[in-house]
file work.pdb (PDB, C-alpha atoms, pLDDT in the B column)
MODEL        1
ATOM      1  CA  MET A 943     -13.622 -16.189  -3.423  1.00 50.00           C
ATOM      2  CA  ASP A 944      -9.899 -15.852  -2.739  1.00 63.00           C
ATOM      3  CA  ALA A 945      -9.886 -12.753  -4.901  1.00 72.00           C
ATOM      4  CA  ALA A 946     -12.589 -11.086  -2.786  1.00 74.00           C
ATOM      5  CA  LEU A 947     -10.739 -11.900   0.430  1.00 71.00           C
ATOM      6  CA  ARG A 948      -7.511 -10.552  -0.935  1.00 74.00           C
ATOM      7  CA  ALA A 949      -9.204  -7.457  -2.281  1.00 80.00           C
ATOM      8  CA  ILE A 950     -10.636  -6.366   1.043  1.00 76.00           C
ATOM      9  CA  ALA A 951      -7.458  -7.220   2.943  1.00 74.00           C
ATOM     10  CA  GLU A 952      -5.974  -3.879   1.904  1.00 81.00           C
ATOM     11  CA  PRO A 953      -7.374  -0.981   4.004  1.00 80.00           C
ATOM     12  CA  ARG A 954      -7.291   1.487   1.140  1.00 88.00           C
ATOM     13  CA  ARG A 955      -9.384  -0.822  -0.996  1.00 89.00           C
ATOM     14  CA  ARG A 956     -11.946  -1.025   1.780  1.00 82.00           C
ATOM     15  CA  GLU A 957     -12.036   2.763   1.868  1.00 86.00           C
ATOM     16  CA  ILE A 958     -12.583   2.826  -1.881  1.00 91.00           C
ATOM     17  CA  LEU A 959     -15.336   0.274  -1.496  1.00 87.00           C
ATOM     18  CA  ASP A 960     -16.978   2.532   1.103  1.00 83.00           C
ATOM     19  CA  LEU A 961     -16.819   5.482  -1.281  1.00 88.00           C
ATOM     20  CA  VAL A 962     -18.629   3.700  -4.086  1.00 90.00           C
ATOM     21  CA  ARG A 963     -21.104   1.812  -1.935  1.00 82.00           C
ATOM     22  CA  THR A 964     -23.916   4.342  -2.135  1.00 80.00           C
ATOM     23  CA  ARG A 965     -22.992   6.258  -5.270  1.00 87.00           C
ATOM     24  CA  GLU A 966     -21.170   5.861  -8.501  1.00 93.00           C
ATOM     25  CA  ARG A 967     -17.864   7.722  -8.727  1.00 95.00           C
ATOM     26  CA  SER A 968     -15.231   8.280 -11.369  1.00 95.00           C
ATOM     27  CA  ALA A 969     -11.680   7.046 -10.900  1.00 93.00           C
ATOM     28  CA  GLY A 970     -10.540  10.674 -10.774  1.00 93.00           C
ATOM     29  CA  ASP A 971     -13.009  11.559  -8.027  1.00 93.00           C
ATOM     30  CA  ILE A 972     -11.870   8.545  -5.996  1.00 95.00           C
ATOM     31  CA  ALA A 973      -8.164   9.269  -6.539  1.00 94.00           C
ATOM     32  CA  ALA A 974      -8.630  12.892  -5.407  1.00 93.00           C
ATOM     33  CA  ARG A 975      -9.603  11.613  -1.967  1.00 92.00           C
ATOM     34  CA  PHE A 976      -6.398   9.704  -1.411  1.00 91.00           C
ATOM     35  CA  ASP A 977      -2.854  10.721  -0.783  1.00 90.00           C
ATOM     36  CA  VAL A 978      -1.452   8.203  -3.248  1.00 89.00           C
ATOM     37  CA  SER A 979      -0.819   8.278  -6.976  1.00 91.00           C
ATOM     38  CA  ARG A 980      -3.578   7.936  -9.514  1.00 91.00           C
ATOM     39  CA  PRO A 981      -2.009   4.757 -10.974  1.00 93.00           C
ATOM     40  CA  ALA A 982      -2.014   3.218  -7.497  1.00 94.00           C
ATOM     41  CA  ILE A 983      -5.738   3.932  -7.186  1.00 95.00           C
ATOM     42  CA  SER A 984      -6.339   2.514 -10.662  1.00 94.00           C
ATOM     43  CA  GLN A 985      -4.541  -0.622  -9.548  1.00 94.00           C
ATOM     44  CA  HIS A 986      -6.740  -0.913  -6.463  1.00 94.00           C
ATOM     45  CA  LEU A 987      -9.849  -0.396  -8.598  1.00 95.00           C
ATOM     46  CA  ALA A 988      -8.699  -3.128 -10.961  1.00 94.00           C
ATOM     47  CA  VAL A 989      -8.243  -5.543  -8.052  1.00 92.00           C
ATOM     48  CA  LEU A 990     -11.708  -4.701  -6.716  1.00 93.00           C
ATOM     49  CA  GLU A 991     -13.231  -5.121 -10.151  1.00 93.00           C
ATOM     50  CA  ASP A 992     -11.484  -8.458 -10.768  1.00 90.00           C
ATOM     51  CA  ALA A 993     -12.753  -9.662  -7.401  1.00 86.00           C
ATOM     52  CA  GLY A 994     -16.306  -8.769  -8.399  1.00 88.00           C
ATOM     53  CA  LEU A 995     -16.624  -6.251  -5.573  1.00 89.00           C
ATOM     54  CA  VAL A 996     -17.125  -3.249  -7.874  1.00 93.00           C
ATOM     55  CA  SER A 997     -18.477  -2.869 -11.379  1.00 93.00           C
ATOM     56  CA  ALA A 998     -17.319  -0.246 -13.860  1.00 94.00           C
ATOM     57  CA  ARG A 999     -18.866   1.408 -16.882  1.00 95.00           C
ATOM     58  CA  ARG A1000     -17.564   3.890 -19.372  1.00 93.00           C
ATOM     59  CA  ASP A1001     -19.105   7.355 -19.592  1.00 92.00           C
ATOM     60  CA  GLY A1002     -17.354   9.333 -22.326  1.00 92.00           C
ATOM     61  CA  ASN A1003     -13.703   9.275 -21.362  1.00 90.00           C
ATOM     62  CA  ARG A1004     -14.403   8.537 -17.709  1.00 91.00           C
ATOM     63  CA  ARG A1005     -14.766   5.210 -15.991  1.00 93.00           C
ATOM     64  CA  LEU A1006     -17.430   5.134 -13.299  1.00 95.00           C
ATOM     65  CA  TYR A1007     -17.302   2.676 -10.430  1.00 96.00           C
ATOM     66  CA  ARG A1008     -19.960   1.323  -8.136  1.00 92.00           C
ATOM     67  CA  ALA A1009     -19.938  -1.368  -5.432  1.00 89.00           C
ATOM     68  CA  ARG A1010     -21.422  -4.753  -6.321  1.00 86.00           C
ATOM     69  CA  PRO A1011     -23.287  -5.963  -3.217  1.00 76.00           C
ATOM     70  CA  GLU A1012     -23.202  -9.528  -4.558  1.00 79.00           C
ATOM     71  CA  GLY A1013     -19.419  -9.577  -4.102  1.00 75.00           C
ATOM     72  CA  MET A1014     -19.649  -9.251  -0.341  1.00 71.00           C
ATOM     73  CA  ALA A1015     -22.554 -11.663  -0.287  1.00 73.00           C
ATOM     74  CA  GLU A1016     -20.265 -14.421  -1.547  1.00 67.00           C
ATOM     75  CA  LEU A1017     -17.766 -13.748   1.209  1.00 66.00           C
ATOM     76  CA  ARG A1018     -20.496 -13.851   3.838  1.00 72.00           C
ATOM     77  CA  GLU A1019     -21.850 -17.083   2.460  1.00 72.00           C
ATOM     78  CA  TYR A1020     -18.413 -18.524   2.733  1.00 64.00           C
ATOM     79  CA  LEU A1021     -17.936 -17.577   6.397  1.00 74.00           C
ATOM     80  CA  ASP A1022     -21.400 -18.875   7.038  1.00 79.00           C
ATOM     81  CA  GLY A1023     -20.138 -22.390   6.381  1.00 79.00           C
ATOM     82  CA  PHE A1024     -17.357 -22.036   8.922  1.00 80.00           C
ATOM     83  CA  TRP A1025     -19.181 -20.393  11.812  1.00 88.00           C
ATOM     84  CA  THR A1026     -22.555 -22.090  11.536  1.00 89.00           C
ATOM     85  CA  VAL A1027     -20.966 -25.510  11.955  1.00 88.00           C
ATOM     86  CA  HIS A1028     -18.871 -24.365  14.898  1.00 92.00           C
ATOM     87  CA  LEU A1029     -21.686 -22.536  16.669  1.00 95.00           C
ATOM     88  CA  ALA A1030     -23.792 -25.687  16.476  1.00 95.00           C
ATOM     89  CA  LYS A1031     -20.934 -27.557  18.164  1.00 95.00           C
ATOM     90  CA  LEU A1032     -20.661 -24.792  20.767  1.00 97.00           C
ATOM     91  CA  LYS A1033     -24.355 -25.092  21.593  1.00 97.00           C
ATOM     92  CA  ASP A1034     -24.050 -28.857  22.052  1.00 96.00           C
ATOM     93  CA  ALA A1035     -20.930 -28.549  24.176  1.00 97.00           C
ATOM     94  CA  ALA A1036     -22.331 -25.809  26.427  1.00 98.00           C
ATOM     95  CA  GLU A1037     -25.624 -27.629  26.954  1.00 97.00           C
ATOM     96  CA  HIS A1038     -23.761 -30.814  27.757  1.00 97.00           C
ATOM     97  CA  GLU A1039     -21.649 -28.927  30.290  1.00 97.00           C
ATOM     98  CA  GLN A1040     -24.738 -27.366  31.862  1.00 97.00           C
ATOM     99  CA  ARG A1041     -26.425 -30.765  32.216  1.00 96.00           C
ATOM    100  CA  ARG A1042     -23.275 -32.177  33.757  1.00 95.00           C
ATOM    101  CA  ARG A1043     -23.191 -29.376  36.347  1.00 93.00           C
ATOM    102  CA  ARG A1044     -26.870 -29.726  37.188  1.00 90.00           C
ATOM    103  CA  GLY A1045     -26.460 -33.464  37.574  1.00 88.00           C
ATOM    104  CA  ARG A1046     -23.587 -32.959  39.953  1.00 79.00           C
ATOM    105  CA  ARG A1047     -25.591 -30.477  42.018  1.00 73.00           C
ATOM    106  CA  ASN A1048     -28.572 -32.806  42.280  1.00 70.00           C
ATOM    107  CA  ARG A1049     -26.557 -35.782  43.345  1.00 64.00           C
TER     108      ARG A1049
ATOM    109  CA  MET B 671     -19.211   3.548  11.625  1.00 34.00           C
ATOM    110  CA  ALA B 672     -20.743   4.827   8.422  1.00 37.00           C
ATOM    111  CA  ASP B 673     -22.541   1.714   7.326  1.00 41.00           C
ATOM    112  CA  ALA B 674     -22.746  -1.187   9.745  1.00 42.00           C
ATOM    113  CA  THR B 675     -23.956  -3.649   7.151  1.00 50.00           C
ATOM    114  CA  ALA B 676     -20.829  -3.023   5.127  1.00 52.00           C
ATOM    115  CA  GLU B 677     -18.668  -4.457   7.863  1.00 63.00           C
ATOM    116  CA  ASP B 678     -20.854  -7.360   8.849  1.00 72.00           C
ATOM    117  CA  LEU B 679     -19.451 -10.616   7.586  1.00 79.00           C
ATOM    118  CA  TYR B 680     -21.519 -12.984   9.633  1.00 86.00           C
ATOM    119  CA  ARG B 681     -24.121 -12.689  12.341  1.00 89.00           C
ATOM    120  CA  GLN B 682     -26.107 -15.361  14.097  1.00 91.00           C
ATOM    121  CA  ASP B 683     -28.260 -15.630  17.192  1.00 95.00           C
ATOM    122  CA  VAL B 684     -28.189 -18.975  18.969  1.00 96.00           C
ATOM    123  CA  ARG B 685     -30.394 -19.991  21.908  1.00 97.00           C
ATOM    124  CA  ILE B 686     -28.455 -22.226  24.282  1.00 97.00           C
ATOM    125  CA  ASP B 687     -29.842 -24.191  27.211  1.00 97.00           C
ATOM    126  CA  ALA B 688     -26.984 -23.218  29.484  1.00 97.00           C
ATOM    127  CA  ALA B 689     -26.382 -20.242  31.738  1.00 97.00           C
ATOM    128  CA  PRO B 690     -24.309 -17.308  30.415  1.00 98.00           C
ATOM    129  CA  ASP B 691     -21.402 -18.039  32.770  1.00 97.00           C
ATOM    130  CA  VAL B 692     -21.246 -21.605  31.434  1.00 97.00           C
ATOM    131  CA  VAL B 693     -21.315 -20.444  27.800  1.00 98.00           C
ATOM    132  CA  PHE B 694     -18.791 -17.711  28.477  1.00 98.00           C
ATOM    133  CA  GLU B 695     -16.117 -20.241  29.480  1.00 97.00           C
ATOM    134  CA  PHE B 696     -16.227 -21.699  25.972  1.00 97.00           C
ATOM    135  CA  PHE B 697     -14.723 -18.494  24.604  1.00 98.00           C
ATOM    136  CA  VAL B 698     -12.096 -17.729  27.200  1.00 98.00           C
ATOM    137  CA  ASP B 699     -10.806 -21.095  28.391  1.00 97.00           C
ATOM    138  CA  GLY B 700      -8.687 -23.252  26.108  1.00 97.00           C
ATOM    139  CA  GLU B 701      -9.958 -26.605  27.333  1.00 96.00           C
ATOM    140  CA  HIS B 702     -13.552 -25.466  26.787  1.00 97.00           C
ATOM    141  CA  MET B 703     -12.726 -23.972  23.401  1.00 97.00           C
ATOM    142  CA  LEU B 704     -11.456 -27.331  22.154  1.00 96.00           C
ATOM    143  CA  ARG B 705     -14.861 -28.888  22.754  1.00 96.00           C
ATOM    144  CA  TRP B 706     -16.248 -26.841  19.879  1.00 96.00           C
ATOM    145  CA  MET B 707     -13.314 -25.588  17.835  1.00 94.00           C
ATOM    146  CA  GLY B 708      -9.745 -26.627  17.276  1.00 93.00           C
ATOM    147  CA  ILE B 709      -7.273 -29.266  18.418  1.00 93.00           C
ATOM    148  CA  GLU B 710      -4.997 -26.961  20.405  1.00 96.00           C
ATOM    149  CA  ALA B 711      -5.811 -23.646  22.019  1.00 97.00           C
ATOM    150  CA  LYS B 712      -3.957 -20.970  23.912  1.00 96.00           C
ATOM    151  CA  LEU B 713      -6.206 -18.262  25.286  1.00 97.00           C
ATOM    152  CA  ASP B 714      -5.154 -15.395  27.504  1.00 97.00           C
ATOM    153  CA  ALA B 715      -8.469 -13.714  28.171  1.00 97.00           C
ATOM    154  CA  THR B 716      -7.279 -10.282  29.210  1.00 97.00           C
ATOM    155  CA  PRO B 717      -7.420  -7.151  27.048  1.00 96.00           C
ATOM    156  CA  GLY B 718      -4.506  -7.471  24.631  1.00 95.00           C
ATOM    157  CA  GLY B 719      -4.069 -11.145  25.554  1.00 96.00           C
ATOM    158  CA  GLU B 720      -3.413 -13.850  23.008  1.00 95.00           C
ATOM    159  CA  PHE B 721      -6.127 -15.754  21.171  1.00 95.00           C
ATOM    160  CA  ARG B 722      -4.661 -18.738  19.380  1.00 94.00           C
ATOM    161  CA  VAL B 723      -6.515 -21.812  18.176  1.00 93.00           C
ATOM    162  CA  ASP B 724      -5.064 -24.505  15.946  1.00 91.00           C
ATOM    163  CA  VAL B 725      -8.236 -25.350  14.077  1.00 84.00           C
ATOM    164  CA  ASN B 726      -7.168 -28.560  12.328  1.00 82.00           C
ATOM    165  CA  GLY B 727      -3.434 -29.099  12.645  1.00 84.00           C
ATOM    166  CA  ARG B 728      -2.727 -26.804   9.751  1.00 76.00           C
ATOM    167  CA  ASP B 729      -4.810 -23.665  10.030  1.00 77.00           C
ATOM    168  CA  VAL B 730      -4.089 -21.611  13.113  1.00 84.00           C
ATOM    169  CA  ALA B 731      -6.462 -18.822  14.079  1.00 87.00           C
ATOM    170  CA  VAL B 732      -4.660 -16.003  15.821  1.00 90.00           C
ATOM    171  CA  GLY B 733      -5.932 -12.841  17.366  1.00 92.00           C
ATOM    172  CA  GLU B 734      -6.011 -10.723  20.451  1.00 94.00           C
ATOM    173  CA  PHE B 735      -8.667 -10.321  23.089  1.00 97.00           C
ATOM    174  CA  VAL B 736     -10.121  -6.826  22.956  1.00 96.00           C
ATOM    175  CA  GLU B 737     -12.892  -6.871  25.532  1.00 97.00           C
ATOM    176  CA  ILE B 738     -13.789  -9.330  28.300  1.00 97.00           C
ATOM    177  CA  ASP B 739     -16.899  -8.589  30.321  1.00 98.00           C
ATOM    178  CA  ARG B 740     -17.754 -11.829  32.096  1.00 97.00           C
ATOM    179  CA  PRO B 741     -20.314 -13.279  31.490  1.00 97.00           C
ATOM    180  CA  HIS B 742     -21.856 -10.763  29.096  1.00 98.00           C
ATOM    181  CA  ARG B 743     -19.516  -9.997  26.281  1.00 98.00           C
ATOM    182  CA  VAL B 744     -16.225 -11.040  24.734  1.00 98.00           C
ATOM    183  CA  VAL B 745     -14.526  -9.486  21.714  1.00 97.00           C
ATOM    184  CA  PHE B 746     -11.422 -10.741  19.952  1.00 95.00           C
ATOM    185  CA  THR B 747      -9.722 -10.190  16.637  1.00 92.00           C
ATOM    186  CA  PHE B 748      -9.482 -13.217  14.392  1.00 86.00           C
ATOM    187  CA  GLY B 749      -7.073 -14.140  11.603  1.00 80.00           C
ATOM    188  CA  TRP B 750      -4.885 -16.897  10.215  1.00 77.00           C
ATOM    189  CA  LEU B 751      -1.226 -17.515  10.942  1.00 80.00           C
ATOM    190  CA  ASP B 752       1.242 -17.482   8.035  1.00 70.00           C
ATOM    191  CA  SER B 753      -1.233 -16.162   5.547  1.00 55.00           C
ATOM    192  CA  ALA B 754      -0.002 -13.044   3.829  1.00 48.00           C
ATOM    193  CA  ASP B 755      -3.296 -12.393   2.117  1.00 46.00           C
ATOM    194  CA  MET B 756      -5.578 -11.131   4.806  1.00 49.00           C
ATOM    195  CA  PRO B 757      -4.419  -9.469   8.034  1.00 58.00           C
ATOM    196  CA  PRO B 758      -6.173 -10.548  11.249  1.00 66.00           C
ATOM    197  CA  GLY B 759      -6.514  -6.978  12.467  1.00 67.00           C
ATOM    198  CA  CYS B 760      -9.059  -6.234   9.807  1.00 66.00           C
ATOM    199  CA  SER B 761     -11.739  -8.481  11.277  1.00 82.00           C
ATOM    200  CA  ARG B 762     -13.062  -9.270  14.690  1.00 89.00           C
ATOM    201  CA  VAL B 763     -15.551 -11.432  16.497  1.00 94.00           C
ATOM    202  CA  GLU B 764     -18.007  -9.967  18.988  1.00 96.00           C
ATOM    203  CA  VAL B 765     -19.939 -12.319  21.237  1.00 97.00           C
ATOM    204  CA  THR B 766     -22.805 -11.013  23.353  1.00 98.00           C
ATOM    205  CA  LEU B 767     -24.561 -13.226  25.913  1.00 98.00           C
ATOM    206  CA  THR B 768     -27.999 -12.319  27.259  1.00 98.00           C
ATOM    207  CA  PRO B 769     -29.784 -14.364  29.940  1.00 98.00           C
ATOM    208  CA  ASP B 770     -32.916 -15.988  28.526  1.00 96.00           C
ATOM    209  CA  GLU B 771     -34.900 -17.691  31.293  1.00 94.00           C
ATOM    210  CA  ASP B 772     -32.533 -20.435  32.436  1.00 93.00           C
ATOM    211  CA  GLY B 773     -30.543 -20.298  29.224  1.00 97.00           C
ATOM    212  CA  THR B 774     -28.617 -17.852  27.090  1.00 97.00           C
ATOM    213  CA  LEU B 775     -29.222 -15.974  23.905  1.00 98.00           C
ATOM    214  CA  LEU B 776     -25.861 -15.786  22.167  1.00 97.00           C
ATOM    215  CA  ARG B 777     -25.306 -13.191  19.494  1.00 97.00           C
ATOM    216  CA  PHE B 778     -22.256 -13.935  17.362  1.00 96.00           C
ATOM    217  CA  GLU B 779     -20.964 -11.252  15.019  1.00 93.00           C
ATOM    218  CA  HIS B 780     -17.925 -11.392  12.789  1.00 89.00           C
ATOM    219  CA  ARG B 781     -17.167  -8.140  11.061  1.00 84.00           C
ATOM    220  CA  LEU B 782     -14.491  -6.198   9.330  1.00 76.00           C
ATOM    221  CA  VAL B 783     -12.790  -3.541  11.378  1.00 69.00           C
ATOM    222  CA  PRO B 784     -13.555  -0.258   9.603  1.00 60.00           C
ATOM    223  CA  ALA B 785     -10.616   1.064   7.662  1.00 53.00           C
ATOM    224  CA  ASP B 786     -10.333   4.266   9.686  1.00 48.00           C
ATOM    225  CA  ARG B 787      -9.862   2.269  12.864  1.00 47.00           C
ATOM    226  CA  LEU B 788      -7.437  -0.159  11.332  1.00 45.00           C
ATOM    227  CA  ALA B 789      -4.246   1.746  12.111  1.00 40.00           C
ATOM    228  CA  GLN B 790      -4.660   1.320  15.846  1.00 39.00           C
ATOM    229  CA  HIS B 791      -5.205  -2.397  15.447  1.00 41.00           C
ATOM    230  CA  ALA B 792      -2.558  -2.965  12.835  1.00 38.00           C
ATOM    231  CA  GLU B 793       0.399  -3.601  15.085  1.00 34.00           C
ATOM    232  CA  GLY B 794       1.093  -7.241  15.625  1.00 28.00           C
ATOM    233  CA  TRP B 795      -1.366  -8.440  13.051  1.00 32.00           C
ATOM    234  CA  ASP B 796      -0.335 -10.276   9.985  1.00 30.00           C
ATOM    235  CA  HIS B 797      -2.926 -12.505   8.506  1.00 32.00           C
ATOM    236  CA  PHE B 798      -6.502 -13.480   7.959  1.00 35.00           C
ATOM    237  CA  LEU B 799      -9.161 -15.242   5.991  1.00 37.00           C
ATOM    238  CA  PRO B 800      -7.393 -16.902   3.072  1.00 34.00           C
ATOM    239  CA  ARG B 801      -6.372 -19.780   5.263  1.00 36.00           C
ATOM    240  CA  LEU B 802     -10.060 -20.332   5.554  1.00 37.00           C
ATOM    241  CA  ALA B 803     -10.214 -20.563   1.788  1.00 37.00           C
ATOM    242  CA  VAL B 804      -7.248 -22.929   1.794  1.00 39.00           C
ATOM    243  CA  ALA B 805      -8.782 -24.974   4.569  1.00 38.00           C
ATOM    244  CA  GLY B 806     -11.970 -25.049   2.555  1.00 38.00           C
ATOM    245  CA  ALA B 807     -10.069 -26.758  -0.241  1.00 38.00           C
ATOM    246  CA  GLY B 808      -9.882 -29.579   2.290  1.00 40.00           C
ATOM    247  CA  ALA B 809      -6.808 -31.546   1.365  1.00 38.00           C
ATOM    248  CA  ASP B 810      -5.988 -32.688   4.877  1.00 42.00           C
ATOM    249  CA  PRO B 811      -8.714 -34.581   6.644  1.00 32.00           C
ATOM    250  CA  GLY B 812      -9.212 -33.126  10.106  1.00 41.00           C
ATOM    251  CA  PRO B 813     -11.547 -33.416  13.041  1.00 44.00           C
ATOM    252  CA  ASP B 814     -13.285 -30.269  11.898  1.00 48.00           C
ATOM    253  CA  PRO B 815     -16.608 -31.063  10.191  1.00 44.00           C
ATOM    254  CA  TRP B 816     -16.471 -27.827   8.254  1.00 47.00           C
ATOM    255  CA  LEU B 817     -13.482 -29.150   6.344  1.00 43.00           C
ATOM    256  CA  ASP B 818     -15.328 -32.258   5.353  1.00 40.00           C
ATOM    257  CA  GLU B 819     -18.484 -30.469   4.357  1.00 39.00           C
ATOM    258  CA  SER B 820     -16.985 -27.653   2.367  1.00 39.00           C
ATOM    259  CA  PRO B 821     -17.155 -28.272  -1.356  1.00 39.00           C
ATOM    260  CA  HIS B 822     -14.581 -25.596  -2.234  1.00 39.00           C
TER     261      HIS B 822
ENDMDL
END
call {"tool": "encode", "arguments": {"input": "work.pdb", "output": "structure tokens"}}
result
Amino acid sequence: MDAALRAIAEPRRREILDLVRTRERSAGDIAARFDVSRPAISQHLAVLEDAGLVSARRDGNRRLYRARPEGMAELREYLDGFWTVHLAKLKDAAEHEQRRRRGRRNR
Amino acid sequence: MADATAEDLYRQDVRIDAAPDVVFEFFVDGEHMLRWMGIEAKLDATPGGEFRVDVNGRDVAVGEFVEIDRPHRVVFTFGWLDSADMPPGCSRVEVTLTPDEDGTLLRFEHRLVPADRLAQHAEGWDHFLPRLAVAGAGADPGPDPWLDESPH
């Protein structure tokens, strides 16, 4: 999970992820869209792949990349644990406050 | 935004038996915030104002208010202090309150800020989610139930 968080922390990696979300692309195709070196893009792709956010396959001498939707699903599941608990507490606290105000008004 | 689902990290609708103006206070007032999240809060609910909540004595959520439309909508960025892994500017929380009879329908959305908009948010942001991961490891016991429940 840490790896996925770290992977999407870098804006360029999120752009790469966007590029391969709907279609498979070669490393060369991806690199051509950025103003940084090809090795830098390869490094970003490796980080994304290690984090499980993209998958790669070989096609002749090219490597083709595609987003793995399951990768983001894990991140969402993780945040789910944090926010769901807190939103339940928020609901309780707000309803308690509302009852307190109504009680005061009716007194 | 090319693909909204790509940026959505978390979304939930919650029906609350309290009026929108009551619910709204829980996002913009520190004392109210502490009733549902954190042990210390400093909130300056003006555009560009500070959002800072010490969640458990170790993990401090930091951000900046982006939009305050009382009592309908509040937007703030959200990240973790002293975490080099994930910058706060890359995610934000959007809360929308809709009156529902004598209560409120709260829509809570936490999403990544699209990369092309990141530059304008980048200044002043340093950190984000990994503290969540660290907090999830749950070494320190805290008042936050999420810490206790997380198996990570």
call {"tool": "atom_distance", "arguments": {"input": "work.pdb", "atom1": "atom CA of Arg705 of chain B", "atom2": "atom CA of Ala1035 of chain A"}}
result
6.2 Å
call {"tool": "interface_residues", "arguments": {"input": "work.pdb", "of": "chain A", "to": "chain B", "cutoff": "10 Å", "atoms": "all atoms listed in the file", "output": "VMD selection string"}}
result
chain A and resid 943 to 960 963 to 964 1011 1014 to 1041 1043
call {"tool": "resolve_selection", "arguments": {"input": "work.pdb", "expression": "the PyMOL selection byres ((chain A and resi 970-986) around 9)", "output": "compact mmCIF listing (two decimals) with C-alpha atoms, in the coordinates of the input"}}
result
# COMPACT_ATOMS: atom_id res chain seq x y z
CA ALA A 949 -9.20 -7.46 -2.28
CA GLU A 952 -5.97 -3.88 1.90
CA ARG A 954 -7.29 1.49 1.14
CA ARG A 955 -9.38 -0.82 -1.00
CA ILE A 958 -12.58 2.83 -1.88
CA LEU A 961 -16.82 5.48 -1.28
CA VAL A 962 -18.63 3.70 -4.09
CA ARG A 967 -17.86 7.72 -8.73
CA SER A 968 -15.23 8.28 -11.37
CA ALA A 969 -11.68 7.05 -10.90
CA LEU A 987 -9.85 -0.40 -8.60
CA ALA A 988 -8.70 -3.13 -10.96
CA VAL A 989 -8.24 -5.54 -8.05
CA LEU A 990 -11.71 -4.70 -6.72
CA GLU A 991 -13.23 -5.12 -10.15
CA ARG A 1004 -14.40 8.54 -17.71
CA ARG A 1005 -14.77 5.21 -15.99
call {"tool": "atom_distance", "arguments": {"input": "work.pdb", "atom1": "atom CA of Ala715 of chain B", "atom2": "atom CA of Asp772 of chain B"}}
result
25.3 Å
call {"tool": "resolve_selection", "arguments": {"input": "work.pdb", "expression": "the PyMOL selection byres ((chain B and resi 768) around 9)", "output": "list of chain:residue names"}}
result
B:Pro690, B:Pro741, B:His742, B:Arg743, B:Thr766, B:Leu767, B:Pro769, B:Asp770, B:Gly773, B:Thr774, B:Leu775, B:Leu776, B:Arg777
call {"tool": "write_last_selection", "arguments": {"input": "work.pdb", "atoms": "C-alpha atoms", "output": "compact mmCIF listing (two decimals), in the coordinates of the input"}}
result
# COMPACT_ATOMS: atom_id res chain seq x y z
CA PRO B 690 -24.31 -17.31 30.42
CA PRO B 741 -20.31 -13.28 31.49
CA HIS B 742 -21.86 -10.76 29.10
CA ARG B 743 -19.52 -10.00 26.28
CA THR B 766 -22.80 -11.01 23.35
CA LEU B 767 -24.56 -13.23 25.91
CA PRO B 769 -29.78 -14.36 29.94
CA ASP B 770 -32.92 -15.99 28.53
CA GLY B 773 -30.54 -20.30 29.22
CA THR B 774 -28.62 -17.85 27.09
CA LEU B 775 -29.22 -15.97 23.90
CA LEU B 776 -25.86 -15.79 22.17
CA ARG B 777 -25.31 -13.19 19.49
call {"tool": "atom_distance", "arguments": {"input": "work.pdb", "atom1": "atom CA of Phe746 of chain B", "atom2": "atom CA of Phe721 of chain B"}}
result
7.4 Å
call {"tool": "axis_aligned_box", "arguments": {"input": "work.pdb", "around": "segment 1031-1045 of chain A", "padding_each_side": "8 Å", "output": "lines of an AutoDock Vina configuration file"}}
result
center_x = -23.8
center_y = -29.1
center_z = 27.9
size_x = 22.2
size_y = 24.7
size_z = 35.4
call {"tool": "closest_residue", "arguments": {"input": "work.pdb", "among": "B:Val698, B:Asp752, B:Val765, B:Val736", "to": "Lys712 of chain B", "atoms": "all atoms listed in the file"}}
result
B:Val698
call {"tool": "resolve_selection", "arguments": {"input": "work.pdb", "expression": "the PyMOL selection byres ((chain B and resi 747) around 6)", "output": "ChimeraX atom specification"}}
result
/B:733-734,746,748,761-763
call {"tool": "decode", "arguments": {"input": "work.pdb", "residues": "segment 1008-1014 of chain A", "atoms": "N, CA, C and O atoms", "output": "mmCIF file, in the first residue's frame"}}
result
data_model
loop_
_atom_site.group_PDB
_atom_site.id
_atom_site.type_symbol
_atom_site.label_atom_id
_atom_site.label_comp_id
_atom_site.auth_asym_id
_atom_site.auth_seq_id
_atom_site.Cartn_x
_atom_site.Cartn_y
_atom_site.Cartn_z
ATOM 1 N N ARG A 1008 -0.054 -0.701 -19.297
ATOM 2 C CA ARG A 1008 -1.488 -0.447 -19.148
ATOM 3 C C ARG A 1008 -1.802 -0.297 -17.653
ATOM 4 O O ARG A 1008 -1.192 -0.960 -16.813
ATOM 5 N N ALA A 1009 -2.748 0.569 -17.328
ATOM 6 C CA ALA A 1009 -3.105 0.777 -15.916
ATOM 7 C C ALA A 1009 -3.780 -0.476 -15.351
ATOM 8 O O ALA A 1009 -4.528 -1.160 -16.039
ATOM 9 N N ARG A 1010 -3.498 -0.757 -14.105
ATOM 10 C CA ARG A 1010 -4.168 -1.854 -13.387
ATOM 11 C C ARG A 1010 -5.196 -1.232 -12.437
ATOM 12 O O ARG A 1010 -4.809 -0.675 -11.398
ATOM 13 N N PRO A 1011 -6.467 -1.305 -12.769
ATOM 14 C CA PRO A 1011 -7.475 -0.653 -11.905
ATOM 15 C C PRO A 1011 -7.430 -1.174 -10.471
ATOM 16 O O PRO A 1011 -7.729 -0.446 -9.533
ATOM 17 N N GLU A 1012 -7.029 -2.419 -10.289
ATOM 18 C CA GLU A 1012 -6.985 -2.983 -8.930
ATOM 19 C C GLU A 1012 -6.043 -2.204 -8.025
ATOM 20 O O GLU A 1012 -6.240 -2.142 -6.818
ATOM 21 N N GLY A 1013 -4.998 -1.618 -8.608
ATOM 22 C CA GLY A 1013 -4.023 -0.868 -7.800
ATOM 23 C C GLY A 1013 -4.679 0.276 -7.063
ATOM 24 O O GLY A 1013 -4.504 0.444 -5.860
ATOM 25 N N MET A 1014 -5.486 1.064 -7.792
ATOM 26 C CA MET A 1014 -6.167 2.180 -7.153
ATOM 27 C C MET A 1014 -7.242 1.688 -6.190
ATOM 28 O O MET A 1014 -7.546 2.342 -5.198
#
